[in-house]
$ cat work36.txt   # compact mmCIF, C-alpha atoms and all ligand atoms
# COMPACT_ATOMS: atom_id res chain seq x y z
CA MET C 1 9.09 -87.41 -11.09
CA GLY C 2 10.14 -85.75 -14.34
CA THR C 3 7.40 -83.09 -14.09
CA ALA C 4 8.19 -82.41 -10.44
CA SER C 5 11.89 -81.89 -11.14
CA LEU C 6 11.07 -79.60 -14.10
CA GLU C 7 8.81 -77.47 -11.84
CA LYS C 8 11.61 -77.28 -9.25
CA ARG C 9 14.05 -76.11 -11.95
CA TYR C 10 11.80 -73.47 -13.59
CA THR C 11 9.84 -72.03 -10.61
CA PRO C 12 12.63 -69.58 -9.51
CA MET C 13 13.03 -68.43 -13.14
CA ILE C 14 9.28 -67.81 -13.55
CA ILE C 15 9.23 -65.80 -10.30
CA LEU C 16 12.23 -63.76 -11.50
CA LEU C 17 10.51 -63.05 -14.85
CA LEU C 18 7.28 -62.02 -13.09
CA VAL C 19 9.19 -59.68 -10.74
CA ALA C 20 11.10 -58.17 -13.69
CA ALA C 21 7.84 -57.59 -15.59
CA LEU C 22 6.25 -55.96 -12.54
CA VAL C 23 9.25 -53.64 -12.05
CA THR C 24 9.10 -52.63 -15.73
CA VAL C 25 5.36 -51.87 -15.60
CA LEU C 26 5.70 -49.91 -12.34
CA GLY C 27 8.66 -47.99 -13.79
CA MET C 28 6.71 -47.03 -16.93
CA TRP C 29 3.72 -45.98 -14.83
CA ALA C 30 5.97 -43.81 -12.63
CA VAL C 31 7.58 -42.11 -15.66
CA ASP C 32 4.15 -41.48 -17.12
CA ARG C 33 2.87 -40.01 -13.84
CA THR C 34 5.83 -37.65 -13.45
CA GLY C 35 5.50 -36.42 -17.00
CA THR C 36 1.80 -35.60 -16.87
CA SER C 37 1.43 -34.84 -13.17
CA ARG C 38 -0.71 -31.83 -12.17
CA GLY C 39 -0.05 -30.75 -8.64
CA GLY C 40 2.12 -33.76 -7.80
CA ALA C 41 4.12 -33.56 -4.62
CA SER C 42 7.40 -34.71 -6.20
CA ALA C 43 10.06 -32.06 -6.72
CA LYS C 44 10.11 -32.67 -10.45
CA GLY C 45 6.34 -32.39 -10.73
CA THR C 46 6.31 -29.02 -8.93
CA GLU C 47 9.11 -27.72 -11.12
CA ILE C 48 7.26 -28.54 -14.32
CA GLU C 49 4.06 -27.03 -12.99
CA GLY C 50 5.82 -23.89 -11.73
CA SER C 51 7.15 -23.03 -15.15
CA SER C 52 3.92 -23.47 -17.09
CA GLU C 53 0.83 -22.86 -14.98
CA GLN C 54 -1.07 -19.62 -15.62
CA PHE C 55 -2.61 -17.49 -12.86
CA HIS C 56 -5.09 -14.66 -13.19
CA TRP C 57 -5.83 -12.23 -10.36
CA LYS C 58 -8.51 -9.67 -9.67
CA LEU C 59 -7.00 -6.50 -8.18
CA VAL C 60 -9.56 -4.10 -6.67
CA THR C 61 -8.60 -0.52 -5.79
CA ALA C 62 -9.83 2.41 -3.72
CA TRP C 63 -9.20 4.80 -6.64
CA PRO C 64 -11.30 5.98 -9.56
CA LYS C 65 -10.53 3.86 -12.69
CA ASN C 66 -7.66 5.26 -14.80
CA PHE C 67 -6.75 7.77 -12.06
CA PRO C 68 -3.14 9.04 -12.30
CA GLY C 69 -0.63 8.99 -9.39
CA VAL C 70 -2.01 6.72 -6.68
CA GLY C 71 -4.18 4.98 -9.28
CA ALA C 72 -1.26 4.46 -11.67
CA GLY C 73 0.49 2.42 -8.95
CA PRO C 74 -1.64 -0.76 -9.23
CA GLU C 75 -1.76 -0.48 -13.05
CA ASN C 76 2.05 -0.32 -13.11
CA PHE C 77 2.29 -3.18 -10.62
CA ALA C 78 0.10 -5.40 -12.84
CA ARG C 79 2.29 -4.51 -15.84
CA PHE C 80 5.57 -5.19 -13.93
CA VAL C 81 4.27 -8.62 -12.85
CA HIS C 82 3.04 -9.46 -16.35
CA GLU C 83 6.40 -8.53 -17.90
CA MET C 84 8.56 -10.26 -15.28
CA SER C 85 6.52 -13.47 -15.31
CA GLY C 86 6.29 -13.67 -19.10
CA GLY C 87 2.51 -13.54 -18.77
CA ARG C 88 2.24 -16.42 -16.27
CA LEU C 89 0.61 -14.10 -13.73
CA THR C 90 -1.81 -11.57 -15.16
CA MET C 91 -4.12 -9.19 -13.34
CA ARG C 92 -7.20 -7.19 -14.09
CA VAL C 93 -7.25 -3.91 -12.18
CA TYR C 94 -10.66 -2.61 -11.09
CA GLY C 95 -11.49 0.98 -10.11
CA ALA C 96 -13.51 1.81 -6.99
CA GLY C 97 -17.11 0.69 -7.43
CA GLU C 98 -16.46 -1.73 -10.29
CA ILE C 99 -16.54 -4.81 -8.05
CA VAL C 100 -16.60 -3.21 -4.60
CA PRO C 101 -16.68 0.41 -3.36
CA ALA C 102 -13.40 2.03 -2.20
CA PHE C 103 -13.93 1.31 1.49
CA GLU C 104 -14.71 -2.39 0.94
CA VAL C 105 -11.38 -3.26 -0.70
CA PHE C 106 -10.01 -4.76 2.53
CA ASP C 107 -13.02 -7.05 3.12
CA ALA C 108 -13.06 -8.13 -0.54
CA VAL C 109 -9.42 -9.28 -0.33
CA SER C 110 -9.89 -10.79 3.14
CA GLN C 111 -12.81 -12.91 1.91
CA GLY C 112 -11.21 -13.85 -1.42
CA VAL C 113 -13.73 -11.89 -3.54
CA ALA C 114 -10.55 -10.38 -5.03
CA ASP C 115 -6.98 -11.74 -4.94
CA ALA C 116 -5.40 -8.36 -4.27
CA GLY C 117 -6.26 -4.77 -3.45
CA HIS C 118 -4.67 -1.31 -3.55
CA GLY C 119 -5.55 1.51 -1.18
CA ALA C 120 -4.27 2.95 2.10
CA ALA C 121 -3.95 1.19 5.47
CA TYR C 122 -5.49 4.02 7.50
CA TYR C 123 -8.83 3.49 5.74
CA TRP C 124 -9.23 0.43 8.00
CA LYS C 125 -8.53 2.11 11.35
CA GLY C 126 -12.05 1.30 12.58
CA LYS C 127 -11.15 -2.39 12.24
CA ILE C 128 -7.39 -2.18 12.94
CA PRO C 129 -6.47 0.92 15.00
CA SER C 130 -2.70 0.32 14.48
CA SER C 131 -3.13 0.58 10.68
CA VAL C 132 -2.67 4.38 10.82
CA PHE C 133 1.10 3.95 11.35
CA PHE C 134 1.45 2.09 8.04
CA THR C 135 0.08 5.03 6.00
CA SER C 136 1.13 8.19 7.79
CA ILE C 137 0.59 9.83 11.17
CA PRO C 138 0.38 13.55 12.00
CA PHE C 139 3.87 15.09 12.44
CA GLY C 140 5.41 11.65 11.77
CA MET C 141 8.05 10.37 9.36
CA ASN C 142 8.42 11.44 5.73
CA ALA C 143 8.53 9.05 2.75
CA GLN C 144 12.25 8.28 2.91
CA GLU C 145 12.07 7.66 6.65
CA ILE C 146 8.97 5.48 6.61
CA ASN C 147 10.45 3.35 3.81
CA GLY C 148 13.50 2.81 6.03
CA TRP C 149 11.30 1.79 8.96
CA LEU C 150 9.10 -0.53 6.90
CA HIS C 151 11.88 -2.39 5.10
CA TYR C 152 14.81 -2.22 7.54
CA GLY C 153 13.29 -1.22 10.89
CA GLY C 154 10.72 -3.96 11.52
CA GLY C 155 7.69 -1.97 10.31
CA LEU C 156 6.59 -4.41 7.60
CA GLU C 157 6.75 -7.38 10.01
CA LEU C 158 4.41 -5.52 12.40
CA TRP C 159 2.11 -4.62 9.52
CA ARG C 160 1.89 -8.32 8.58
CA GLU C 161 1.21 -9.24 12.20
CA ALA C 162 -1.64 -6.70 12.34
CA TYR C 163 -3.23 -8.02 9.13
CA ALA C 164 -2.64 -11.76 9.73
CA PRO C 165 -6.00 -12.35 11.52
CA PHE C 166 -7.71 -11.07 8.35
CA ASN C 167 -6.08 -13.53 5.95
CA ILE C 168 -4.18 -10.69 4.24
CA ILE C 169 -0.49 -10.12 3.43
CA PRO C 170 0.33 -6.39 3.10
CA PHE C 171 3.12 -4.78 1.03
CA ALA C 172 4.13 -1.11 0.77
CA GLY C 173 2.57 0.00 -2.52
CA GLY C 174 3.66 3.57 -3.24
CA ASN C 175 4.19 6.88 -1.50
CA SER C 176 2.84 10.37 -2.18
CA GLY C 177 5.68 12.20 -0.46
CA THR C 178 4.73 15.07 1.89
CA GLN C 179 1.16 16.05 1.09
CA MET C 180 -0.58 19.44 1.03
CA ALA C 181 -2.68 20.41 4.09
CA GLY C 182 -5.72 20.75 1.85
CA TRP C 183 -8.35 22.86 0.17
CA PHE C 184 -10.39 25.49 2.05
CA ASN C 185 -12.93 28.11 1.10
CA ARG C 186 -11.92 30.41 3.92
CA GLU C 187 -8.60 31.42 5.37
CA ILE C 188 -7.23 29.60 8.41
CA ASN C 189 -5.64 32.24 10.64
CA SER C 190 -6.08 30.64 14.06
CA MET C 191 -7.38 27.50 15.78
CA GLU C 192 -10.73 29.29 16.00
CA ASP C 193 -11.10 28.92 12.22
CA ILE C 194 -10.95 25.13 12.55
CA LYS C 195 -13.90 25.03 14.95
CA GLY C 196 -17.07 23.88 13.22
CA LEU C 197 -15.26 23.16 9.97
CA LYS C 198 -16.41 19.98 8.23
CA MET C 199 -13.41 18.49 6.49
CA ARG C 200 -12.58 15.26 4.71
CA VAL C 201 -9.46 14.09 6.50
CA PRO C 202 -8.81 10.38 7.09
CA GLY C 203 -6.66 8.40 9.52
CA LEU C 204 -5.49 9.59 12.92
CA ALA C 205 -5.46 13.17 11.55
CA GLY C 206 -9.25 12.99 11.36
CA GLU C 207 -9.39 12.42 15.12
CA VAL C 208 -6.87 15.21 15.67
CA PHE C 209 -9.00 17.53 13.57
CA ALA C 210 -12.10 16.54 15.55
CA ALA C 211 -10.27 17.02 18.87
CA ALA C 212 -9.36 20.52 17.66
CA GLY C 213 -13.06 21.35 17.25
CA GLY C 214 -13.67 20.42 13.60
CA THR C 215 -15.69 17.58 12.13
CA ALA C 216 -13.80 14.89 10.20
CA VAL C 217 -15.62 13.10 7.41
CA ARG C 218 -14.61 9.92 5.57
CA ILE C 219 -15.23 10.26 1.82
CA SER C 220 -13.55 8.36 -1.03
CA GLY C 221 -11.67 10.17 -3.80
CA SER C 222 -14.41 9.62 -6.39
CA GLU C 223 -16.92 11.63 -4.31
CA LEU C 224 -14.69 14.50 -3.15
CA TYR C 225 -15.40 17.00 -5.91
CA THR C 226 -19.19 16.75 -5.60
CA SER C 227 -19.07 16.73 -1.79
CA LEU C 228 -17.11 19.98 -1.74
CA GLN C 229 -19.17 21.55 -4.52
CA THR C 230 -22.52 20.79 -2.86
CA GLY C 231 -21.37 21.86 0.60
CA VAL C 232 -21.49 18.38 2.18
CA ILE C 233 -17.99 19.34 3.36
CA ASP C 234 -16.30 22.75 3.79
CA ALA C 235 -12.76 21.54 3.16
CA THR C 236 -10.78 18.53 2.04
CA GLU C 237 -7.31 17.15 1.71
CA TRP C 238 -6.32 14.59 -0.92
CA ALA C 239 -2.67 14.02 -1.84
CA GLY C 240 -0.69 16.85 -3.40
CA PRO C 241 -0.70 19.13 -6.47
CA TYR C 242 -0.38 16.42 -9.15
CA ASN C 243 -3.24 14.24 -7.85
CA ASP C 244 -5.39 17.14 -6.54
CA LEU C 245 -5.30 18.79 -9.97
CA ALA C 246 -6.54 15.53 -11.52
CA LEU C 247 -9.55 15.57 -9.15
CA GLY C 248 -10.30 19.19 -10.13
CA LEU C 249 -10.45 20.37 -6.50
CA HIS C 250 -9.25 23.88 -7.51
CA GLN C 251 -12.64 24.38 -9.21
CA VAL C 252 -14.49 24.04 -5.90
CA ALA C 253 -12.07 25.59 -3.36
CA LYS C 254 -10.04 28.77 -3.31
CA TYR C 255 -7.23 28.35 -0.79
CA TYR C 256 -4.59 25.64 -0.98
CA TYR C 257 -2.76 25.20 2.33
CA PHE C 258 0.61 23.68 3.23
CA PRO C 259 2.46 21.95 4.90
CA GLY C 260 0.82 18.52 5.12
CA TRP C 261 1.17 18.14 8.91
CA HIS C 262 -1.39 15.35 8.78
CA GLU C 263 0.33 13.18 6.13
CA PRO C 264 4.06 13.90 5.93
CA GLY C 265 4.71 10.89 3.65
CA SER C 266 1.81 8.57 2.97
CA THR C 267 2.43 4.94 2.09
CA MET C 268 -0.15 3.28 -0.15
CA GLU C 269 -0.71 -0.44 0.36
CA LEU C 270 -0.89 -3.53 -1.79
CA ILE C 271 -2.83 -6.23 0.03
CA VAL C 272 -2.88 -9.86 -1.12
CA ASN C 273 -5.22 -12.66 -0.10
CA LYS C 274 -3.12 -15.25 1.77
CA GLN C 275 -4.43 -18.28 -0.18
CA SER C 276 -3.98 -16.49 -3.53
CA PHE C 277 -0.35 -15.71 -2.62
CA GLU C 278 0.41 -19.20 -1.30
CA ALA C 279 -1.06 -20.82 -4.43
CA LEU C 280 1.74 -19.21 -6.47
CA PRO C 281 5.03 -21.07 -7.04
CA PRO C 282 8.03 -19.45 -5.29
CA ASP C 283 9.29 -17.56 -8.34
CA LEU C 284 5.91 -15.85 -8.89
CA GLN C 285 5.72 -15.01 -5.18
CA ALA C 286 9.13 -13.34 -5.55
CA ILE C 287 7.92 -11.45 -8.62
CA VAL C 288 4.88 -10.11 -6.70
CA THR C 289 7.15 -9.08 -3.82
CA TYR C 290 9.70 -7.22 -5.95
CA ALA C 291 7.10 -5.70 -8.29
CA ALA C 292 5.44 -4.22 -5.17
CA ARG C 293 8.78 -2.83 -4.07
CA ALA C 294 9.27 -1.29 -7.53
CA MET C 295 5.76 0.23 -7.45
CA ASN C 296 6.46 1.66 -3.99
CA GLN C 297 9.50 3.62 -5.19
CA ASP C 298 8.14 4.38 -8.66
CA MET C 299 5.10 6.23 -7.29
CA LEU C 300 7.27 8.46 -5.11
CA ASP C 301 9.51 9.19 -8.11
CA GLU C 302 6.51 10.19 -10.21
CA PHE C 303 5.06 12.51 -7.56
CA THR C 304 8.52 14.05 -7.03
CA ALA C 305 8.79 14.69 -10.77
CA ARG C 306 5.26 16.05 -11.34
CA ASN C 307 4.13 17.92 -8.21
CA ASN C 308 5.86 21.21 -8.91
CA ALA C 309 4.62 21.55 -12.50
CA ALA C 310 1.09 20.82 -11.26
CA LEU C 311 1.43 23.41 -8.49
CA ARG C 312 2.57 26.04 -11.02
CA GLN C 313 -0.44 25.21 -13.16
CA LEU C 314 -2.80 25.52 -10.18
CA VAL C 315 -1.37 28.88 -9.10
CA ASP C 316 -0.46 30.49 -12.45
CA GLU C 317 -3.30 29.23 -14.65
CA HIS C 318 -6.14 28.59 -12.22
CA GLY C 319 -5.50 31.40 -9.73
CA VAL C 320 -5.32 29.15 -6.67
CA GLN C 321 -4.31 31.03 -3.50
CA LEU C 322 -1.36 29.26 -1.88
CA ARG C 323 -1.20 29.66 1.92
CA ARG C 324 0.99 28.40 4.74
CA LEU C 325 -0.72 27.28 7.95
CA PRO C 326 0.32 29.73 10.72
CA ASP C 327 2.75 28.39 13.33
CA ASP C 328 0.23 28.66 16.17
CA VAL C 329 -2.26 26.56 14.18
CA LEU C 330 0.45 23.94 13.56
CA LEU C 331 1.31 24.04 17.28
CA GLY C 332 -2.36 23.57 18.22
CA LEU C 333 -2.69 20.63 15.85
CA TRP C 334 0.53 19.11 17.20
CA ARG C 335 -0.76 19.34 20.80
CA SER C 336 -4.00 17.77 19.72
CA SER C 337 -2.01 15.00 17.93
CA GLU C 338 -0.10 14.19 21.10
CA ASN C 339 -3.35 13.70 23.04
CA VAL C 340 -4.94 11.58 20.32
CA MET C 341 -1.81 9.40 20.06
CA GLN C 342 -1.73 8.86 23.83
CA LYS C 343 -5.37 7.76 23.80
CA LEU C 344 -4.72 5.39 20.87
CA VAL C 345 -1.81 3.57 22.53
CA GLU C 346 -3.70 3.31 25.82
CA GLU C 347 -6.72 1.73 24.19
CA ASP C 348 -5.14 -0.69 21.70
CA PRO C 349 -2.23 -3.03 22.64
CA MET C 350 -1.20 -3.59 19.00
CA ALA C 351 -1.14 0.17 18.39
CA ALA C 352 1.08 0.52 21.48
CA LYS C 353 3.44 -2.16 20.11
CA VAL C 354 3.65 -0.54 16.66
CA TYR C 355 4.04 2.94 18.16
CA ALA C 356 7.01 1.77 20.27
CA SER C 357 8.79 0.51 17.13
CA TYR C 358 7.81 3.57 15.07
CA LYS C 359 8.86 6.03 17.79
CA SER C 360 12.23 4.37 18.39
CA PHE C 361 13.05 4.40 14.66
CA TYR C 362 11.72 7.96 14.26
CA ASP C 363 13.87 9.31 17.11
CA GLY C 364 16.99 7.81 15.56
CA VAL C 365 16.37 8.80 11.96
CA ARG C 366 15.27 12.31 12.97
CA SER C 367 18.47 12.77 14.91
CA TYR C 368 20.58 11.75 11.92
CA HIS C 369 18.50 13.68 9.37
CA HIS C 370 18.99 16.77 11.52
CA ILE C 371 22.67 16.79 10.50
CA SER C 372 22.25 15.24 7.02
CA GLU C 373 19.12 15.87 4.87
CA GLN C 374 17.80 18.76 6.95
CA ALA C 375 21.21 20.43 7.45
CA TYR C 376 21.88 20.13 3.73
CA ILE C 377 18.47 21.56 2.69
CA ASN C 378 18.95 24.48 5.09
CA ALA C 379 22.44 25.14 3.75
CA ARG C 380 21.33 24.75 0.14
CA ASP C 381 18.48 27.23 0.55
CA LYS C 382 20.74 29.75 2.26
CA MET C 383 23.33 29.63 -0.53
CA LEU C 384 20.93 29.51 -3.48
CA ASP C 385 18.53 32.11 -2.05
CA SER C 386 21.36 34.54 -1.27
CA GLN C 387 22.72 34.08 -4.79
CA ALA C 388 19.27 34.90 -6.19
CA GLU C 389 19.16 38.26 -4.33
CA CA X 1 -4.26 12.52 1.98

$ encode --input "work36.txt" --output "structure tokens"
Amino acid sequence: MGTASLEKRYTPMIILLLVAALVTVLGMWAVDRTGTSRGGASAKGTEIEGSSEQFHWKLVTAWPKNFPGVGAGPENFARFVHEMSGGRLTMRVYGAGEIVPAFEVFDAVSQGVADAGHGAAYYWKGKIPSSVFFTSIPFGMNAQEINGWLHYGGGLELWREAYAPFNIIPFAGGNSGTQMAGWFNREINSMEDIKGLKMRVPGLAGEVFAAAGGTAVRISGSELYTSLQTGVIDATEWAGPYNDLALGLHQVAKYYYFPGWHEPGSTMELIVNKQSFEALPPDLQAIVTYAARAMNQDMLDEFTARNNAALRQLVDEHGVQLRRLPDDVLLGLWRSSENVMQKLVEEDPMAAKVYASYKSFYDGVRSYHHISEQAYINARDKMLDSQAE
């Protein structure tokens, strides 16, 4: 009886002690788990990981390695991200051909061979016809206008929709400003002079050029000089004085034509593999996003600052003949552009959707720029030119 009553008295106490011990052990285990967790789902675990984990990206480009202007964009972007993240996200930037050739940048990023890429959307028009709108279209918007459309007019959302099936998130990654019409070895006095001409001209402009009787060829920047020198092509466009001088195109062509009807303000692109982007914690995703935005503006600023000095060097030191395309040639190319655009929107529903957005924004901004930017530039030229006389 004594033993039985003792058991009755102590059993609840033993159970209490066992429960207390279990709670203590579980508590210690939980603290230990939180402190050393890698990839834990708890908020605290993610926070700790987000502030310490290192990421390294491969960034492939469509440009020759160490190329200024368009090539400086991705180098600057990698530096911006490195500085802003305190080295938590670093990137190695590869020139065209180092991992993949220029025209395989999109596939490399889509398939995760590289985490990111830098090039131009219109290079992929064979795969995505609507991509031409995200670089530049003949007689379309200039740099300031296209930046407005992309970031405040719905353009970037459409760009992301177009690239989503390919596992890629696009960002605007620089702008050349209005380009030069290109390099020719004979004068262009009428539409007849375009007939039979073999020219490197990408994007929708290539189709316009072909519809006007020329032959458009797709060649990457690295091969332009040799192609023009050996007569593979008769003419080429690239970007503008600063970047064209760097390619040495003045050594293989005599006439330098303007205005850049075909690329009035070309946006470069930064493309990021979806899984690579989503693997980043939110603060690094934000850093990638805003570093791209900084690169986008920075490239335009650099071209704006350097183009004129490069043009003076081309004309004054290298004897380049500067020529304006005659109005009737521009009119012929514009008519051809209208036909090519109509065909594009009829054949591709996504191109039709993007064109509707682009056109609506373009009509509005053109109307306002008529009485702002354009009216001011006209007035400025009139005053300053008359003063110079
Ligand atoms: Ca170009």

$ residues_near_ligand --input "work36.txt" --ligand "ligand CA 1 (chain X)" --cutoff "6 Å" --atoms "only C-alpha atoms and all ligand atoms" --output "list in words"
Glu237, Trp238 and Ala239 of chain C

$ axis_aligned_box --input "work36.txt" --around "stretch 159-169 of chain C" --padding-each-side "8 Å" --output "JSON"
{"center_x": -2.8, "center_y": -9.1, "center_z": 7.9, "size_x": 25.8, "size_y": 24.9, "size_z": 24.9}

$ atom_distance --input "work36.txt" --atom1 "atom CA of C:Phe77" --atom2 "atom CA of C:Gly173"
8.7 Å

$ residues_around --input "work36.txt" --residues "C:Gly260" --least-positions-apart "2" --cutoff "10 Å" --atoms "all atoms listed in the file" --output "ChimeraX atom specification"
/C:138-139,177-182,237,239-240,257-258,262-265,324-325

$ residues_around --input "work36.txt" --residues "C:Met350" --least-positions-apart "4" --cutoff "9 Å" --atoms "only C-alpha atoms" --output "short mmCIF file (atom, residue, chain, number, x, y, z; two decimals) with C-alpha atoms, keeping the file's coordinate frame"
data_model
loop_
_atom_site.label_atom_id
_atom_site.label_comp_id
_atom_site.auth_asym_id
_atom_site.auth_seq_id
_atom_site.Cartn_x
_atom_site.Cartn_y
_atom_site.Cartn_z
CA ILE C 128 -7.39 -2.18 12.94
CA PRO C 129 -6.47 0.92 15.00
CA SER C 130 -2.70 0.32 14.48
CA LEU C 158 4.41 -5.52 12.40
CA ALA C 162 -1.64 -6.70 12.34
CA VAL C 345 -1.81 3.57 22.53
CA VAL C 354 3.65 -0.54 16.66
CA TYR C 355 4.04 2.94 18.16
#

$ closest_residue --input "work36.txt" --among "C:Ala309, C:Ala292, C:Ile219, C:Ile168" --to "C:Pro101" --atoms "only C-alpha atoms"
C:Ile219

$ closest_residue --input "work36.txt" --among "C:Lys274, C:Arg323, C:Arg366, C:His318" --to "C:Asn189" --atoms "only C-alpha atoms"
C:Arg323

$ residues_around --input "work36.txt" --residues "C:Glu223" --least-positions-apart "2" --cutoff "12 Å" --atoms "all atoms listed in the file" --output "list of chain:residue names"
C:Ala62, C:Trp63, C:Pro64, C:Ala96, C:Gly97, C:Pro101, C:Ala102, C:Arg200, C:Val217, C:Arg218, C:Ile219, C:Ser220, C:Gly221, C:Tyr225, C:Thr226, C:Ser227, C:Leu228, C:Gln229, C:Thr230, C:Val232, C:Ile233, C:Thr236, C:Trp238, C:Leu247, C:Gly248, C:Leu249

$ closest_residue --input "work36.txt" --among "C:His56, C:Arg312, C:His151, C:Lys65" --to "C:Arg88" --atoms "all atoms listed in the file"
C:His56

$ residues_near_point --input "work36.txt" --point "(-11.7, -1.9, 5.4)" --cutoff "12 Å" --atoms "all atoms listed in the file" --output "number ranges by chain"
C: 61-62, 100-111, 117-129, 131, 163, 166, 168, 271

$ build_atoms --input "work36.txt" --residues "stretch 345-356 of chain C" --atoms "N, CA and C atoms" --output "CSV table (one decimal), in the frame of the given file"
chain,number,residue,atom,x,y,z
C,345,VAL,N,-2.7,4.6,22.0
C,345,VAL,CA,-1.8,3.6,22.5
C,345,VAL,C,-2.3,3.0,23.9
C,346,GLU,N,-3.1,3.8,24.6
C,346,GLU,CA,-3.7,3.3,25.8
C,346,GLU,C,-4.8,2.3,25.6
C,347,GLU,N,-5.5,2.5,24.5
C,347,GLU,CA,-6.7,1.7,24.2
C,347,GLU,C,-6.4,0.5,23.4
C,348,ASP,N,-5.4,0.4,22.6
C,348,ASP,CA,-5.1,-0.7,21.7
C,348,ASP,C,-3.7,-1.2,21.9
C,349,PRO,N,-3.6,-2.5,22.4
C,349,PRO,CA,-2.2,-3.0,22.6
C,349,PRO,C,-1.4,-3.1,21.4
C,350,MET,N,-2.0,-3.5,20.2
C,350,MET,CA,-1.2,-3.6,19.0
C,350,MET,C,-0.7,-2.2,18.6
C,351,ALA,N,-1.6,-1.2,18.7
C,351,ALA,CA,-1.1,0.2,18.4
C,351,ALA,C,0.0,0.6,19.3
C,352,ALA,N,0.0,0.2,20.5
C,352,ALA,CA,1.1,0.5,21.5
C,352,ALA,C,2.4,-0.2,21.0
C,353,LYS,N,2.3,-1.4,20.6
C,353,LYS,CA,3.4,-2.2,20.1
C,353,LYS,C,4.0,-1.5,18.8
C,354,VAL,N,3.2,-1.2,17.9
C,354,VAL,CA,3.6,-0.5,16.7
C,354,VAL,C,4.2,0.8,17.0
C,355,TYR,N,3.6,1.6,17.8
C,355,TYR,CA,4.0,2.9,18.2
C,355,TYR,C,5.4,2.9,18.8
C,356,ALA,N,5.7,1.9,19.6
C,356,ALA,CA,7.0,1.8,20.3
C,356,ALA,C,8.1,1.6,19.2
